[in-house]
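Participant: My structure is stored as model-v6.csv, with CSV, C-alpha atoms and all ligand atoms.
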chain,number,residue,atom,x,y,z
A,210,MET,CA,36.1,14.0,-37.3
A,211,LYS,CA,33.1,15.5,-35.8
A,212,LEU,CA,29.5,14.6,-36.4
A,213,TYR,CA,27.2,17.3,-37.9
A,214,GLU,CA,23.4,17.3,-38.2
A,215,VAL,CA,22.1,18.8,-41.5
A,216,PHE,CA,18.9,20.8,-41.9
A,217,ILE,CA,17.6,21.9,-45.3
A,218,ARG,CA,15.1,24.5,-46.4
A,219,SER,CA,13.6,23.0,-49.5
A,220,ARG,CA,11.7,26.1,-50.6
A,221,ARG,CA,11.5,29.7,-49.5
A,222,GLY,CA,8.8,30.1,-46.8
A,223,LEU,CA,9.3,26.6,-45.4
A,224,ASP,CA,11.1,25.7,-42.2
A,225,HIS,CA,14.5,24.0,-42.3
A,226,LYS,CA,14.0,20.3,-41.8
A,227,HIS,CA,16.4,17.7,-40.5
A,228,THR,CA,17.7,15.7,-43.4
A,229,GLY,CA,20.6,13.7,-42.1
A,230,SER,CA,24.1,13.7,-40.6
A,231,LEU,CA,27.7,13.7,-41.8
A,232,HIS,CA,31.3,13.8,-40.7
A,233,ALA,CA,33.5,16.9,-41.1
A,234,GLU,CA,36.5,18.7,-39.6
A,235,ASN,CA,34.8,22.1,-39.3
A,236,PRO,CA,31.5,23.8,-39.9
A,237,GLN,CA,32.5,25.3,-43.3
A,238,GLN,CA,33.5,21.8,-44.5
A,239,ALA,CA,30.3,20.3,-43.2
A,240,LEU,CA,28.3,22.9,-45.2
A,241,GLU,CA,30.2,21.9,-48.4
A,242,TYR,CA,29.8,18.2,-47.7
A,243,ALA,CA,26.1,18.7,-47.0
A,244,ARG,CA,25.7,20.4,-50.3
A,245,ASP,CA,27.4,17.5,-52.1
A,246,ILE,CA,25.6,14.8,-50.2
A,247,TYR,CA,22.1,16.1,-49.6
A,248,THR,CA,21.3,18.6,-52.4
A,249,ARG,CA,22.5,17.0,-55.5
A,250,ARG,CA,19.0,17.2,-57.0
A,251,SER,CA,18.3,20.7,-55.9
A,252,GLU,CA,16.5,19.5,-52.8
A,253,GLY,CA,17.2,22.8,-51.0
A,254,ILE,CA,17.9,26.5,-51.2
A,255,SER,CA,19.4,26.9,-47.7
A,256,ILE,CA,21.4,24.5,-45.5
A,257,TRP,CA,22.1,24.7,-41.7
A,258,VAL,CA,24.7,22.5,-40.1
A,259,VAL,CA,25.0,22.0,-36.4
A,260,ASN,CA,27.4,20.1,-34.3
A,261,SER,CA,25.6,17.0,-33.2
A,262,SER,CA,27.0,17.4,-29.7
A,263,ASP,CA,25.4,20.8,-29.5
A,264,ILE,CA,22.0,19.4,-29.9
A,265,VAL,CA,20.1,19.1,-26.6
A,266,ALA,CA,17.3,16.6,-26.9
A,267,SER,CA,14.5,15.4,-24.7
A,268,GLN,CA,14.4,11.6,-24.2
A,269,GLU,CA,11.5,9.2,-24.8
A,270,SER,CA,11.7,8.3,-21.2
A,271,ASP,CA,11.1,11.9,-20.2
A,272,CYS,CA,7.7,11.6,-21.8
A,273,GLU,CA,5.6,11.3,-18.7
A,274,SER,CA,6.8,14.3,-16.9
A,275,PHE,CA,7.1,16.3,-20.2
A,276,TYR,CA,3.8,15.6,-21.8
A,277,ASP,CA,1.5,14.0,-19.3
A,278,PRO,CA,-0.2,17.2,-18.2
A,279,HIS,CA,-1.5,17.7,-21.7
A,280,ASP,CA,-3.8,14.7,-21.7
A,281,ASP,CA,-6.4,16.2,-19.4
A,282,LYS,CA,-6.8,19.5,-21.2
A,283,PRO,CA,-9.3,18.8,-24.0
A,284,TYR,CA,-10.4,22.4,-23.7
A,285,ARG,CA,-7.3,23.6,-25.5
A,286,HIS,CA,-8.9,22.2,-28.7
A,287,ALA,CA,-11.5,23.9,-30.8
A,288,ALA,CA,-13.6,20.8,-31.0
A,289,HIS,CA,-14.2,21.0,-27.3
A,290,TYR,CA,-16.7,23.8,-27.8
A,291,GLN,CA,-20.1,22.8,-29.2
A,292,LEU,CA,-21.7,25.6,-31.2
A,293,PRO,CA,-24.9,25.9,-33.3
A,294,ASP,CA,-24.5,24.5,-36.8
A,295,GLU,CA,-25.0,27.9,-38.5
A,296,VAL,CA,-21.9,29.3,-36.8
A,297,ASN,CA,-19.9,26.2,-36.3
A,298,ASN,CA,-17.3,27.2,-39.0
A,299,MET,CA,-15.9,29.8,-36.6
B,122,MET,CA,6.9,62.6,-59.7
B,123,SER,CA,10.5,61.7,-58.9
B,124,VAL,CA,12.1,58.9,-60.8
B,125,GLU,CA,13.2,56.2,-58.4
B,126,VAL,CA,16.5,54.7,-59.2
B,127,LYS,CA,16.5,51.1,-57.9
B,128,SER,CA,19.6,49.2,-57.2
B,129,GLU,CA,20.0,45.8,-58.7
B,130,GLN,CA,19.4,44.2,-55.3
B,131,GLU,CA,16.2,46.0,-54.9
B,132,VAL,CA,15.0,44.8,-58.3
B,133,VAL,CA,15.8,41.2,-57.4
B,134,PHE,CA,14.0,41.7,-54.1
B,135,GLN,CA,10.8,43.0,-55.6
B,136,LYS,CA,10.8,40.3,-58.3
B,137,ARG,CA,11.0,37.7,-55.6
B,138,ILE,CA,8.0,39.3,-53.8
B,139,ASP,CA,6.1,39.6,-57.0
B,140,ALA,CA,6.6,35.9,-57.7
B,141,GLU,CA,5.1,35.1,-54.2
B,142,GLU,CA,8.4,34.0,-52.8
B,143,LYS,CA,9.1,34.6,-49.2
B,144,ILE,CA,12.0,36.7,-47.9
B,145,GLU,CA,14.2,34.9,-45.4
B,146,PRO,CA,16.4,36.4,-42.7
B,147,LYS,CA,19.7,36.3,-44.5
B,148,ASP,CA,18.4,37.8,-47.8
B,149,TRP,CA,19.2,41.3,-48.7
B,150,MET,CA,16.2,43.6,-48.0
B,151,PRO,CA,15.6,47.4,-48.2
B,152,GLU,CA,16.2,49.1,-44.9
B,153,LYS,CA,12.7,50.4,-44.9
B,154,TYR,CA,11.2,46.9,-45.4
B,155,ARG,CA,13.2,45.8,-42.3
B,156,GLN,CA,12.1,48.8,-40.3
B,157,THR,CA,8.4,48.4,-41.3
B,158,LEU,CA,8.5,44.7,-40.3
B,159,ILE,CA,10.1,45.4,-37.0
B,160,ARG,CA,7.5,48.0,-36.2
B,161,GLN,CA,4.6,45.8,-37.3
B,162,MET,CA,5.8,42.5,-35.7
B,163,SER,CA,6.8,44.1,-32.4
B,164,GLN,CA,3.5,45.9,-32.3
B,165,HIS,CA,1.8,42.6,-32.8
B,166,ALA,CA,4.0,40.9,-30.1
B,167,HIS,CA,3.3,43.7,-27.6
B,168,SER,CA,-0.4,43.3,-28.3
B,169,GLU,CA,-0.3,39.6,-27.5
B,170,VAL,CA,1.4,40.3,-24.2
B,171,ILE,CA,-0.5,43.4,-23.1
B,172,GLY,CA,-3.7,41.6,-24.2
B,173,MET,CA,-3.1,39.1,-21.3
B,174,GLN,CA,-3.9,41.9,-18.8
B,175,PRO,CA,-7.7,42.4,-19.3
B,176,GLU,CA,-8.2,38.7,-19.3
B,177,GLY,CA,-5.8,38.0,-16.5
B,178,ASN,CA,-8.0,40.2,-14.4
B,179,TRP,CA,-10.7,37.5,-14.4
B,180,LEU,CA,-8.5,34.4,-13.8
B,181,THR,CA,-9.2,34.5,-10.0
B,182,ARG,CA,-12.9,35.3,-10.5
B,183,ALA,CA,-14.0,32.9,-13.2
B,184,PRO,CA,-17.4,31.5,-12.4
B,185,THR,CA,-16.4,27.8,-12.4
B,186,LEU,CA,-13.2,25.9,-12.1
B,187,HIS,CA,-13.7,24.7,-15.7
B,188,ARG,CA,-14.0,28.3,-17.0
B,189,LYS,CA,-10.9,29.2,-15.0
B,190,CYS,CA,-8.9,26.3,-16.6
B,191,ILE,CA,-10.0,27.5,-20.1
B,192,LEU,CA,-9.1,31.1,-19.5
B,193,LEU,CA,-5.8,30.2,-18.0
B,194,ALA,CA,-5.0,28.1,-21.1
B,195,LYS,CA,-6.0,31.0,-23.4
B,196,VAL,CA,-3.9,33.5,-21.5
B,197,GLN,CA,-1.0,31.1,-21.6
B,198,ASP,CA,-1.4,30.8,-25.4
B,199,GLU,CA,-1.2,34.6,-25.8
B,200,GLY,CA,2.0,34.7,-23.9
B,201,GLY,CA,3.4,32.1,-26.3
B,202,HIS,CA,2.2,34.1,-29.2
B,203,GLY,CA,4.1,37.1,-27.9
B,204,LEU,CA,7.2,34.9,-27.7
B,205,TYR,CA,6.9,33.5,-31.2
B,206,LEU,CA,6.6,37.1,-32.6
B,207,TYR,CA,9.4,38.6,-30.5
B,208,SER,CA,11.7,35.8,-31.7
B,209,ALA,CA,10.6,36.2,-35.3
B,210,ALA,CA,11.3,40.0,-35.0
B,211,GLU,CA,14.7,39.3,-33.6
B,212,THR,CA,15.7,37.5,-36.9
B,213,LEU,CA,15.7,41.1,-38.3
B,214,GLY,CA,18.6,42.1,-36.1
B,215,ILE,CA,17.0,43.8,-33.2
B,216,SER,CA,17.2,42.5,-29.6
B,217,ARG,CA,14.4,41.7,-27.2
B,218,ASP,CA,15.7,44.3,-24.8
B,219,GLU,CA,15.4,47.0,-27.4
B,220,LEU,CA,11.8,45.9,-28.3
B,221,VAL,CA,10.7,45.9,-24.7
B,222,LYS,CA,12.3,49.3,-24.1
B,223,ALA,CA,10.5,50.7,-27.1
B,224,LEU,CA,7.2,49.6,-25.5
B,225,HIS,CA,8.1,51.0,-22.1
B,226,ASP,CA,9.2,54.3,-23.7
B,227,GLY,CA,5.9,54.6,-25.5
B,228,VAL,CA,7.7,54.5,-28.9
B,229,ALA,CA,6.2,51.1,-29.9
B,230,LYS,CA,2.4,50.7,-29.9
B,231,TYR,CA,0.1,47.8,-29.2
B,232,ALA,CA,-3.5,47.2,-30.3
B,233,SER,CA,-5.7,50.0,-28.9
B,234,ILE,CA,-8.4,47.5,-27.9
B,235,PHE,CA,-6.4,46.4,-24.9
B,236,ASN,CA,-6.8,49.8,-23.3
B,237,TYR,CA,-10.4,49.0,-22.6
B,238,PRO,CA,-11.2,47.3,-19.3
B,239,ALA,CA,-12.8,43.9,-18.8
B,240,LEU,CA,-15.6,44.9,-16.4
B,241,THR,CA,-17.8,41.9,-16.2
B,242,TRP,CA,-17.5,38.1,-16.9
B,243,ALA,CA,-19.4,38.7,-20.2
B,244,ASP,CA,-16.5,40.9,-21.3
B,245,ILE,CA,-14.4,37.8,-21.3
B,246,GLY,CA,-16.9,36.3,-23.7
B,247,ALA,CA,-16.9,39.4,-25.9
B,248,ILE,CA,-13.1,39.5,-25.9
B,249,GLY,CA,-12.8,35.9,-27.1
B,250,TRP,CA,-15.6,36.2,-29.6
B,251,LEU,CA,-14.9,39.7,-31.0
B,252,VAL,CA,-11.3,40.7,-30.2
B,253,ASP,CA,-9.8,37.3,-30.9
B,254,GLY,CA,-12.3,37.0,-33.8
B,255,ALA,CA,-10.9,40.2,-35.3
B,256,ALA,CA,-7.3,39.2,-34.7
B,257,ILE,CA,-7.9,35.9,-36.4
B,258,VAL,CA,-9.3,37.6,-39.6
B,259,ASN,CA,-6.1,39.7,-39.7
B,260,GLN,CA,-3.8,36.8,-38.8
B,261,ILE,CA,-5.3,34.5,-41.5
B,262,SER,CA,-4.4,37.1,-44.0
B,263,LEU,CA,-0.9,37.5,-42.6
B,264,GLN,CA,-0.2,33.8,-43.1
B,265,ARG,CA,0.7,35.0,-46.6
B,266,THR,CA,2.9,37.9,-45.6
B,267,SER,CA,6.2,38.1,-47.5
B,268,TYR,CA,8.6,37.7,-44.6
B,269,GLY,CA,9.1,34.0,-43.9
B,270,PRO,CA,9.5,33.9,-40.2
B,271,TYR,CA,6.5,36.2,-39.7
B,272,ALA,CA,4.3,34.1,-42.1
B,273,ARG,CA,5.3,30.9,-40.3
B,274,SER,CA,4.6,32.2,-36.8
B,275,MET,CA,1.2,33.3,-38.1
B,276,VAL,CA,0.4,29.7,-39.3
B,277,ARG,CA,1.3,28.4,-35.8
B,278,ILE,CA,-0.7,31.1,-34.1
B,279,CYS,CA,-3.8,30.6,-36.2
B,280,LYS,CA,-3.8,27.0,-35.3
B,281,GLU,CA,-3.7,27.8,-31.6
B,282,GLU,CA,-6.3,30.7,-31.9
B,283,SER,CA,-8.9,28.3,-33.1
B,284,PHE,CA,-10.3,27.7,-29.6
B,285,HIS,CA,-10.0,31.3,-28.4
B,286,GLN,CA,-12.9,32.6,-30.4
B,287,ARG,CA,-15.1,29.6,-29.8
B,288,GLN,CA,-14.7,29.7,-26.0
B,289,GLY,CA,-15.6,33.4,-26.0
B,290,TYR,CA,-18.6,32.8,-28.2
B,291,GLN,CA,-19.7,29.9,-26.0
B,292,ILE,CA,-19.5,32.2,-22.9
B,293,MET,CA,-21.8,34.7,-24.6
B,294,MET,CA,-24.2,31.9,-25.8
B,295,THR,CA,-24.4,30.5,-22.3
B,296,LEU,CA,-25.2,33.9,-20.8
B,297,THR,CA,-27.9,34.6,-23.5
B,298,GLN,CA,-29.6,31.3,-22.4
B,299,GLY,CA,-29.5,32.4,-18.8
B,300,SER,CA,-31.5,34.8,-16.6
B,301,HIS,CA,-32.7,38.2,-17.8
B,302,GLU,CA,-29.7,39.8,-16.0
B,303,GLN,CA,-27.2,37.4,-17.6
B,304,LYS,CA,-28.6,38.2,-21.1
B,305,ALA,CA,-28.4,41.9,-20.4
B,306,MET,CA,-24.8,41.5,-19.3
B,307,ALA,CA,-23.9,39.8,-22.6
B,308,GLN,CA,-25.6,42.6,-24.6
B,309,ASP,CA,-23.8,45.2,-22.5
B,310,ALA,CA,-20.4,43.6,-23.3
B,311,LEU,CA,-21.2,43.5,-27.0
B,312,ASP,CA,-22.3,47.1,-26.8
B,313,ARG,CA,-19.0,48.2,-25.4
B,314,PHE,CA,-16.7,46.0,-27.4
B,315,TRP,CA,-18.3,46.2,-30.9
B,316,TRP,CA,-16.9,49.5,-32.0
B,317,PRO,CA,-13.4,49.2,-30.5
B,318,SER,CA,-13.2,45.8,-32.3
B,319,LEU,CA,-14.0,47.4,-35.6
B,320,MET,CA,-11.2,50.0,-34.9
B,321,MET,CA,-8.7,47.1,-34.5
B,322,PHE,CA,-8.4,47.0,-38.3
B,323,GLY,CA,-7.0,50.5,-38.3
B,324,PRO,CA,-8.1,53.6,-40.3
B,325,HIS,CA,-10.0,53.5,-43.5
B,326,ASP,CA,-7.8,52.7,-46.5
B,327,ALA,CA,-7.8,56.2,-47.8
B,328,GLU,CA,-6.4,57.5,-44.5
B,329,SER,CA,-4.0,54.6,-43.8
B,330,ALA,CA,-0.4,56.0,-43.7
B,331,HIS,CA,1.6,52.9,-44.3
B,332,SER,CA,-0.7,50.8,-46.5
B,333,ALA,CA,0.5,51.4,-50.1
B,334,GLN,CA,4.1,50.4,-49.6
B,335,SER,CA,3.2,47.6,-47.3
B,336,MET,CA,0.9,46.1,-50.0
B,337,LYS,CA,3.6,46.4,-52.6
B,338,TRP,CA,6.0,44.6,-50.4
B,339,LYS,CA,3.2,42.2,-49.5
B,340,ILE,CA,3.8,42.7,-45.8
B,341,LYS,CA,0.1,43.4,-45.8
B,342,ARG,CA,-2.1,41.2,-48.1
B,343,GLN,CA,-5.5,42.8,-47.7
B,344,SER,CA,-6.5,46.3,-46.9
B,345,ASN,CA,-7.9,47.5,-43.5
B,346,ASP,CA,-11.4,48.0,-45.0
B,347,GLU,CA,-11.5,44.6,-46.7
B,348,LEU,CA,-10.5,42.8,-43.5
B,349,ARG,CA,-13.0,44.8,-41.4
B,350,GLN,CA,-15.8,44.0,-43.8
B,351,LYS,CA,-15.1,40.3,-43.5
B,352,PHE,CA,-15.2,40.6,-39.8
B,353,ILE,CA,-18.5,42.6,-39.8
B,354,ASP,CA,-20.2,40.1,-42.1
B,355,GLN,CA,-19.3,37.1,-40.0
B,356,SER,CA,-20.1,38.7,-36.7
B,357,VAL,CA,-23.6,40.0,-37.6
B,358,LYS,CA,-24.7,36.4,-38.2
B,359,GLN,CA,-23.0,35.1,-35.1
B,360,ALA,CA,-24.8,37.8,-33.0
B,361,ASP,CA,-28.1,36.9,-34.5
B,362,VAL,CA,-27.8,33.2,-33.8
B,363,ILE,CA,-27.6,33.9,-30.0
B,364,GLY,CA,-30.1,36.7,-30.0
B,365,LEU,CA,-27.8,39.6,-29.5
B,366,LYS,CA,-28.1,43.0,-31.2
B,367,ILE,CA,-25.2,44.7,-32.9
B,368,PRO,CA,-25.2,48.3,-31.4
B,369,ASP,CA,-25.4,50.1,-34.8
B,370,PRO,CA,-28.8,51.5,-35.9
B,371,ALA,CA,-27.3,52.1,-39.4
B,372,LEU,CA,-26.3,48.4,-39.9
B,373,LYS,CA,-28.0,47.2,-43.0
B,374,TRP,CA,-27.5,44.5,-45.6
B,375,ASN,CA,-26.5,46.0,-49.0
B,376,THR,CA,-27.7,43.8,-51.8
B,377,ASP,CA,-25.5,45.4,-54.4
B,378,ARG,CA,-22.3,45.0,-52.5
B,379,GLY,CA,-23.3,41.7,-51.0
B,380,HIS,CA,-22.0,43.0,-47.6
B,381,TYR,CA,-23.3,44.8,-44.6
B,382,ASP,CA,-23.1,48.6,-44.4
B,383,ILE,CA,-22.4,50.1,-41.1
B,384,GLY,CA,-22.6,53.5,-39.4
B,385,GLU,CA,-19.7,55.9,-39.0
B,386,ILE,CA,-16.9,54.7,-36.8
B,387,ASP,CA,-15.9,57.3,-34.2
B,388,TRP,CA,-12.3,57.9,-35.3
B,389,SER,CA,-11.8,60.6,-32.7
B,390,GLU,CA,-12.1,57.9,-30.0
B,391,PHE,CA,-9.6,55.8,-31.9
B,392,ALA,CA,-7.2,58.7,-32.1
B,393,ARG,CA,-7.7,59.4,-28.4
B,394,VAL,CA,-7.0,55.9,-27.3
B,395,ILE,CA,-3.9,55.5,-29.6
B,396,LYS,CA,-2.6,58.7,-28.2
B,397,GLY,CA,-2.7,57.4,-24.7
B,398,ASP,CA,-6.0,58.6,-23.3
B,399,GLY,CA,-8.0,55.4,-23.4
B,400,PRO,CA,-9.6,54.1,-20.2
B,401,CYS,CA,-6.6,51.9,-19.2
B,402,ASN,CA,-3.5,53.1,-21.2
B,403,ARG,CA,-1.5,54.2,-18.2
B,404,GLN,CA,-2.4,51.1,-16.1
B,405,ARG,CA,-1.4,48.7,-18.9
B,406,LEU,CA,2.1,50.2,-19.3
B,407,GLN,CA,2.6,50.7,-15.6
B,408,HIS,CA,1.7,47.1,-15.0
B,409,HIS,CA,4.0,45.8,-17.7
B,410,ASN,CA,6.8,48.0,-16.4
B,411,ARG,CA,6.3,46.9,-12.8
B,412,ILE,CA,6.1,43.1,-13.6
B,413,HIS,CA,9.2,43.4,-15.8
B,414,ALA,CA,11.2,45.1,-13.0
B,415,GLU,CA,9.9,42.7,-10.4
B,416,GLY,CA,10.9,39.8,-12.6
B,417,ALA,CA,14.5,41.0,-12.8
B,418,TRP,CA,15.6,38.7,-10.0
B,419,VAL,CA,14.5,35.7,-12.1
B,420,ARG,CA,16.7,36.8,-15.0
B,421,ASP,CA,19.5,37.5,-12.6
B,422,ALA,CA,19.1,34.1,-10.9
B,423,VAL,CA,19.2,32.3,-14.3
B,424,ALA,CA,22.5,34.1,-15.2
B,425,ALA,CA,24.0,33.5,-11.8
B,426,TYR,CA,23.1,29.8,-12.0
B,427,GLU,CA,24.7,29.5,-15.4
B,428,ALA,CA,27.9,31.3,-14.2
B,429,LYS,CA,28.2,29.0,-11.2
B,430,HIS,CA,27.7,26.0,-13.4
B,431,LYS,CA,30.5,27.1,-15.8
B,432,GLN,CA,32.8,27.8,-12.9
B,433,ARG,CA,32.2,24.3,-11.5
B,434,SER,CA,32.8,22.6,-14.8
B,435,THR,CA,36.1,24.4,-15.4
B,436,LYS,CA,37.2,23.5,-11.9
B,437,ALA,CA,36.4,19.8,-12.6
B,438,ALA,CA,38.3,19.9,-15.8
A,501,FE,FE,-4.2,37.8,-29.9
A,502,FE,FE,-2.9,35.4,-29.8
A,503,FE,FE,-6.1,34.7,-29.0
Can you give me the file's structure in the form of structure tokens?
Ligand SMILES: [Fe+2]
Ligand SMILES: [Fe+2]
Ligand SMILES: [Fe+2]

Facilitator:
Amino acid sequence: MKLYEVFIRSRRGLDHKHTGSLHAENPQQALEYARDIYTRRSEGISIWVVNSSDIVASQESDCESFYDPHDDKPYRHAAHYQLPDEVNNM
Amino acid sequence: MSVEVKSEQEVVFQKRIDAEEKIEPKDWMPEKYRQTLIRQMSQHAHSEVIGMQPEGNWLTRAPTLHRKCILLAKVQDEGGHGLYLYSAAETLGISRDELVKALHDGVAKYASIFNYPALTWADIGAIGWLVDGAAIVNQISLQRTSYGPYARSMVRICKEESFHQRQGYQIMMTLTQGSHEQKAMAQDALDRFWWPSLMMFGPHDAESAHSAQSMKWKIKRQSNDELRQKFIDQSVKQADVIGLKIPDPALKWNTDRGHYDIGEIDWSEFARVIKGDGPCNRQRLQHHNRIHAEGAWVRDAVAAYEAKHKQRSTKAA
């Protein structure tokens, strides 16, 4: 059987969040299993299932090349700009 | 008055909205709700992208390397905002190609403010402070819009916007602490950007064509005039702190209302710019068209690379 990743939207307005995985023969079955396994206590109102093998993931070891350039850009943050107290809530 | 017969689906839909629940992509929704959202979200997306042009104009002429880095980071954010919004609009069943074509055909609009040129470095300050400032007031309100993907992209965008207004204000503040000429340059930028910024909120409530239905569907959460007032009240104080003067002789604190009163907005200018006769309308669209066409080889190359890759992996198998 294939491995599926399960994503659940717990409430309208919120993003689907990864909840866990399960084995199933096909997507429809995976959806039903996900309902049985992950939403027994009304944890969600919408479920996505995705073949685990379809997920393309970055690796921890990619970190340097992926994220390194961010460390020297403090000006992307609001706190970098010092303003007078009266208007600092901007 | 005609009696509206509502389908059961429509009743459920409106109940959901009345209960402050979000509408999600796979829910049933009235066709008009879908169309209104496509119009508004794509207009918003186009604004983010076209808005990169006046600021991009100063990337190579920023006064210091540090200022250049900041401006580059901001323009990059705006491109990202366009992407979030196009993607969210696509959940309504319209394609990116259709959205871009509507822009190029002049069917879809973008915020009229971006049809004004950025003539001086102070304009970059005024744009961040006032234009992003006005956009943030609007976007904070839209975090509570009824369509889930739109609301969520607003939350993300608001987080990223936080530095845009501050960097603009800081440019203005620095100029006002400089030479006589620098201070005059800051005042001149405020003079030119003040009224167009107020127009960003759209016509007065009484004249606003789409407002009533959009409020009922909670696509809009606050009226144009409410949002504009909020922006005016905050900006007057901000101008005062750095010694700049709002270019409106009628501006006056109204004790009864607890808000500032302003002079009459020149709506004929607004209508003219919306219609296509602003200072830079043609240039903005031409530029977008040209860059889109010139970028075709990149899209082609990506497709060709993918095709080749597929071919190779079938051969190997
Ligand atoms: Fe923006
Ligand atoms: Fe933006
Ligand atoms: Fe911005």

Participant: Give as a ChimeraX atom specification each residue that has an atom at most 12 Å from (-1.8, 20.7, -20.2) in the file, counting all atoms listed in the file.

Facilitator: /A:274-286 /B:190-191,193-195,197-198

Participant: Any chance you could export the current selection's C-alpha atoms as a JSON list (two decimals), in the frame of the given file?

Facilitator:
[["chain", "number", "residue", "atom", "x", "y", "z"],
["A", 274, "SER", "CA", 6.80, 14.30, -16.90],
["A", 275, "PHE", "CA", 7.10, 16.30, -20.20],
["A", 276, "TYR", "CA", 3.80, 15.60, -21.80],
["A", 277, "ASP", "CA", 1.50, 14.00, -19.30],
["A", 278, "PRO", "CA", -0.20, 17.20, -18.20],
["A", 279, "HIS", "CA", -1.50, 17.70, -21.70],
["A", 280, "ASP", "CA", -3.80, 14.70, -21.70],
["A", 281, "ASP", "CA", -6.40, 16.20, -19.40],
["A", 282, "LYS", "CA", -6.80, 19.50, -21.20],
["A", 283, "PRO", "CA", -9.30, 18.80, -24.00],
["A", 284, "TYR", "CA", -10.40, 22.40, -23.70],
["A", 285, "ARG", "CA", -7.30, 23.60, -25.50],
["A", 286, "HIS", "CA", -8.90, 22.20, -28.70],
["B", 190, "CYS", "CA", -8.90, 26.30, -16.60],
["B", 191, "ILE", "CA", -10.00, 27.50, -20.10],
["B", 193, "LEU", "CA", -5.80, 30.20, -18.00],
["B", 194, "ALA", "CA", -5.00, 28.10, -21.10],
["B", 195, "LYS", "CA", -6.00, 31.00, -23.40],
["B", 197, "GLN", "CA", -1.00, 31.10, -21.60],
["B", 198, "ASP", "CA", -1.40, 30.80, -25.40]]

Participant: With a distance threshold of 9 Å and counting all atoms listed in the file, extract the residues of chain B near chain A and express them as a PyMOL selection string.

Facilitator: chain B and resi 142-145+187+190-191+194-195+254+267-270+272-273+281-288+290-291+294+355+358-359+362

Participant: If you count all atoms listed in the file, which residues fall within 10 Å of Glu176 of chain B, apart from same-chain ones fewer than 2 positions away, as number ranges by chain?

Facilitator: B: 171-174, 178-180, 192-193, 195-196, 235, 238-239, 242, 244-245, 248-249

Participant: Could the residues that lie within 7 Å of ligand FE 501 (chain A), counting only C-alpha atoms and all ligand atoms, be listed as a ChimeraX atom specification?

Facilitator: /B:168-169,172,199,253,256

Participant: Enumerate, as a PyMOL selection string, the protein, DNA and RNA residues whose atoms approach (-8.5, 41.6, -38.4) to within 8 Å, taking into account all atoms listed in the file and the coordinate frame of the file.

Facilitator: chain B and resi 254-260+321-322+345+348-349+352

Participant: Could you take the residues named above and write them with C-alpha atoms, as a PDB file, in the frame of the given file?

Facilitator:
ATOM      1  CA  GLY B 254     -12.300  37.000 -33.800  1.00  0.00           C
ATOM      2  CA  ALA B 255     -10.900  40.200 -35.300  1.00  0.00           C
ATOM      3  CA  ALA B 256      -7.300  39.200 -34.700  1.00  0.00           C
ATOM      4  CA  ILE B 257      -7.900  35.900 -36.400  1.00  0.00           C
ATOM      5  CA  VAL B 258      -9.300  37.600 -39.600  1.00  0.00           C
ATOM      6  CA  ASN B 259      -6.100  39.700 -39.700  1.00  0.00           C
ATOM      7  CA  GLN B 260      -3.800  36.800 -38.800  1.00  0.00           C
ATOM      8  CA  MET B 321      -8.700  47.100 -34.500  1.00  0.00           C
ATOM      9  CA  PHE B 322      -8.400  47.000 -38.300  1.00  0.00           C
ATOM     10  CA  ASN B 345      -7.900  47.500 -43.500  1.00  0.00           C
ATOM     11  CA  LEU B 348     -10.500  42.800 -43.500  1.00  0.00           C
ATOM     12  CA  ARG B 349     -13.000  44.800 -41.400  1.00  0.00           C
ATOM     13  CA  PHE B 352     -15.200  40.600 -39.800  1.00  0.00           C
TER      14      PHE B 352
END

Participant: Which is closer to ligand FE 503 (chain A) than all the others in B:Lys429, B:His331, B:Lys280, B:Lys222, using all atoms listed in the file?

Facilitator: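 Distance minimum relative to ligand FE 503 (chain A) lands on B:Lys280.
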
Participant: Find the residues around segment 158-165 of chain B up to 6 Å (all atoms listed in the file counted), leave out those fewer than 3 positions away in its own chain, and share them as a short mmCIF file (atom, residue, chain, number, x, y, z; two decimals) with C-alpha atoms, keeping the file's coordinate frame.

Facilitator:
data_model
loop_
_atom_site.label_atom_id
_atom_site.label_comp_id
_atom_site.auth_asym_id
_atom_site.auth_seq_id
_atom_site.Cartn_x
_atom_site.Cartn_y
_atom_site.Cartn_z
CA ARG B 155 13.20 45.80 -42.30
CA SER B 168 -0.40 43.30 -28.30
CA ALA B 210 11.30 40.00 -35.00
CA LYS B 230 2.40 50.70 -29.90
CA TYR B 231 0.10 47.80 -29.20
#

Participant: Taking 3 positions as the minimum chain separation for residues in the same chain, which residues sit within 7 Å of Asn236 of chain B when counting only C-alpha atoms? Answer as a count of residues only.

Facilitator: 5

Participant: Of the residues A:Ala233, A:Val265, A:Ile217, A:Cys272, which is the one nearest to Thr248 of chain A, using all atoms listed in the file?

Facilitator: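 Of all the options, A:Ile217 lies closest to Thr248 of chain A.
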
Participant: Considering all atoms listed in the file, state which residue in the set B:Pro146, B:Gly246, B:Gly200, B:Pro324 is at the smallest distance from Phe391 of chain B.

Facilitator: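 Checking each of B:Pro146, B:Gly246, B:Gly200, B:Pro324 against Phe391 of chain B, counting all atoms listed in the file, the winner is B:Pro324.
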
Participant: Choose the residue, out of B:Cys279, B:Val228, B:Ala140, B:Met150, that has the smallest atom-to-atom separation from ligand FE 503 (chain A); count all atoms listed in the file.

Facilitator: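 Closest residue, counting all atoms listed in the file: B:Cys279.
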
Participant: Please indicate the distance in Å from atom CA of Asp421 of chain B to atom CA of Leu213 of chain B, rounded to one decimal place.

Facilitator: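 Taking atom CA of Asp421 of chain B and atom CA of Leu213 of chain B, their separation equals 26.2 Å.
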